[in-house]
Amino acid sequence: METKPTFYSTSVGKKVVMAASGFIVFGFVVVHILGNLQLFLGADALNQYAAFLQGLGPVKWTVRVLLALSVLVHMVSATQVTLQSWAARPEKYAVQRFQETTYAARTMRVGGPIIGLFVIYHLMHFTTGHCHPVKDGFVENSEGMLNVYNNVVFGFQDPLASVVYIVTMIFIGLHLYHGLWSMMQSVGLNHKKYNHWRKVFAVLFALFVAGAGISLPVAVLSGWVVPV
Amino acid sequence: MDFTLKVWRQKPGTQGKLVTYEAKGISSDASFLEMLDVVNERLIEKNEEPIAFDHDCREGICGMCGCVVNGYAHGHQGGTTLCQLHMREFSDGSVIYVEPWRAKAFPVIKDLVVNRSAFDAIITAGGYISIRSGSAPDGNAMPIAKETADAAMDVAECIGCGACVAACPNASAMLFTSAKITQLALLPQGQAERMTRAQRMVRAMEAAGFGACTNHGECEAACPKEISMDNIARLNREFIGSSIKK
Ligand code: HEM
Ligand code: FES
């Protein structure tokens, strides 16, 4: 008797799920970085934006749950696919040389877990404040609102924290450079005429996310952006 | 020319290891397989077991030959099977590593010979078409656009050698499977089974124990027929499409 495999039981299906969940997280990362760039517009801009986000209430929680699920699904499918591939070559080559693959493609399984750990640290740094240098929780302004701007600046004034951010941003850039292109292969998005643009798209967004992410700690460390 | 070979030797049912052989006085015009022939003749003269390797046509069309040479499937020269690679492409006095295709789905039979029945299982699962038997149809009775025919021909070049699996960091068989699926998906003759083909072939591929594609592109770099990994995206599309419609 033939039993039909479920879509997800195949590696092709898992890669589609991985691509979709990765794309959702990617969408968030772009919006998040754009929002964070308001650090350069000054304290009022960033603090008002933060207050707006906090005021979203149920929407905020919906997005948080969706993102947490996406990250979880992405990690589980990535791990399963990785284990399948490891099992597929029990005996290694004495000599193996590569011709076409990239550094980014070969570091996906290193960068992924690093990004995952970073997300935990990042949440404890700027969301819950557990890893934040300001002792008694976060700085608040006169109306009792969080002064997100100052929290970010104080946070990045610790060189170690800034280095963690900068290194992770490089891995996120690499992850996106391969991931965004690989994602389009995985879901079957290709056409002779437009294939060239897939790499352009991946490079542009990888550079934007990594570059913008690095610019924030660098701006603080260099003394360009100061607390108010 | 003189070479030092590090060749994988493995008897059935035992662990293998790399064994060193000196290959002296080899003609620069010898193919890689002819060089192995010379080494084997000398081994036989010394009453030693010759190195087992697969081969048949020796003109790059049958898909029987193939080893990983210095870390490259079919050697470092692009678009070439091992039987078509000549010793003049190597530098005199160099060390050459010769290993079998390494994948759980391709178990070593002996030395450099691996069992590629897993590919047959993938073909049996869906690499066929249903046709009316009888006398041959008239040529050109079925109109097919030139571009389509060309694209189908590009993938039909696949000789099933297994270099894509050997070169893939994940030991994935996606390039092979995608070439077979694409060839039939493009042509009118392949439409009858189109909705089940990708499902069955992907399932057979998974059952054989191949790894999962992460789009490194090593397969298309190693392919002696230079088949493009664009076909892998088509496989994914065929699989997703038939999963939704079935
Ligand atoms: C900033 C967060 C992240 C984003 C935006 C992201 C995005 C992506 C995308 C779009 C892909 C391509 C999927 C495909 O090829 O179909 C991918 C692949 C992958 N991701 Fe992530 N990812 C993130 C975090 C993570 C984490 C936390 C892990 C940890 C387990 C991870 C592990 C992987 C692996 C192993 C791959 C497959 C690599 C390959 O194709 O070789 N990613 N990611
Ligand atoms: S022996 Fe036939 S392709 Fe090499």
# chains A, B, ... in the order shown; residues from 1 in each chain; ligands from 1
$ residues_near_ligand --ligand "ligand 2" --cutoff "8 Å" --atoms "only C-alpha atoms and all ligand atoms" --output "PyMOL selection string"
chain B and resi 54-66+81-84+159+161
$ residues_near_ligand --ligand "ligand 1" --cutoff "8 Å" --atoms "only C-alpha atoms and all ligand atoms" --output "JSON, numbers by chain"
{"A": [15, 16, 17, 18, 19, 20, 21, 22, 23, 24, 25, 26, 27, 28, 29, 71, 74, 75, 76, 78, 79, 81, 82, 105, 106, 107, 108, 109, 110, 111, 112, 113, 114, 115, 116, 117, 119, 172, 175, 176, 178, 179, 180, 181, 182, 183, 184, 185, 186, 187], "B": [213, 214, 215, 216]}
$ closest_atom_pairs --of "chain A" --to "chain B" --cutoff "8 Å" --atoms "only C-alpha atoms" --output "Markdown table"
| residue | atom | partner | partner_atom | distance |
| --- | --- | --- | --- | --- |
| A:Pro5 | CA | B:Arg203 | CA | 7.1 |
| A:Phe7 | CA | B:Ser243 | CA | 6.9 |
| A:Thr10 | CA | B:Glu206 | CA | 6.6 |
| A:Ser11 | CA | B:Ala212 | CA | 5.6 |
| A:Val12 | CA | B:Asn236 | CA | 6.6 |
| A:Gly13 | CA | B:Ile240 | CA | 7.8 |
| A:Val81 | CA | B:Ala212 | CA | 6.0 |
| A:Thr82 | CA | B:Ala212 | CA | 7.5 |
| A:Gln84 | CA | B:Gly211 | CA | 5.5 |
| A:Ser85 | CA | B:Gly211 | CA | 3.9 |
| A:Trp86 | CA | B:Asn170 | CA | 6.8 |
| A:Ala87 | CA | B:Lys104 | CA | 7.4 |
| A:Ala88 | CA | B:Gly211 | CA | 5.0 |
| A:Arg89 | CA | B:Ala103 | CA | 4.6 |
| A:Pro90 | CA | B:Lys104 | CA | 6.3 |
| A:Glu91 | CA | B:Arg102 | CA | 6.5 |
| A:Lys92 | CA | B:Arg102 | CA | 7.1 |
| A:Tyr93 | CA | B:Arg102 | CA | 7.1 |
| A:Ala94 | CA | B:Gly71 | CA | 7.8 |
| A:Val95 | CA | B:Gly71 | CA | 4.7 |
| A:Gln96 | CA | B:Gly71 | CA | 3.7 |
| A:Arg97 | CA | B:Gly71 | CA | 4.7 |
| A:Phe98 | CA | B:Glu218 | CA | 6.7 |
| A:Gln99 | CA | B:Glu218 | CA | 6.3 |
| A:Glu100 | CA | B:Glu218 | CA | 5.5 |
| A:Thr101 | CA | B:His216 | CA | 4.6 |
| A:Thr102 | CA | B:His216 | CA | 7.2 |
| A:Ala105 | CA | B:His216 | CA | 6.2 |
| A:Arg106 | CA | B:His216 | CA | 7.9 |
| A:Ser182 | CA | B:Asn215 | CA | 5.9 |
| A:Met184 | CA | B:Ala233 | CA | 7.9 |
| A:Gln185 | CA | B:Ala233 | CA | 4.7 |
| A:Ser186 | CA | B:Asn236 | CA | 6.2 |
| A:Val187 | CA | B:Asn236 | CA | 6.1 |
| A:Gly188 | CA | B:Ala233 | CA | 4.2 |
| A:Leu189 | CA | B:Ala233 | CA | 6.6 |
| A:Asn190 | CA | B:Ala233 | CA | 6.4 |
$ residues_around --residues "Gly93 of chain B" --least-positions-apart "5" --cutoff "12 Å" --atoms "only C-alpha atoms" --output "MDAnalysis selection string"
chainID B and resid 1:5 22:26 87:88
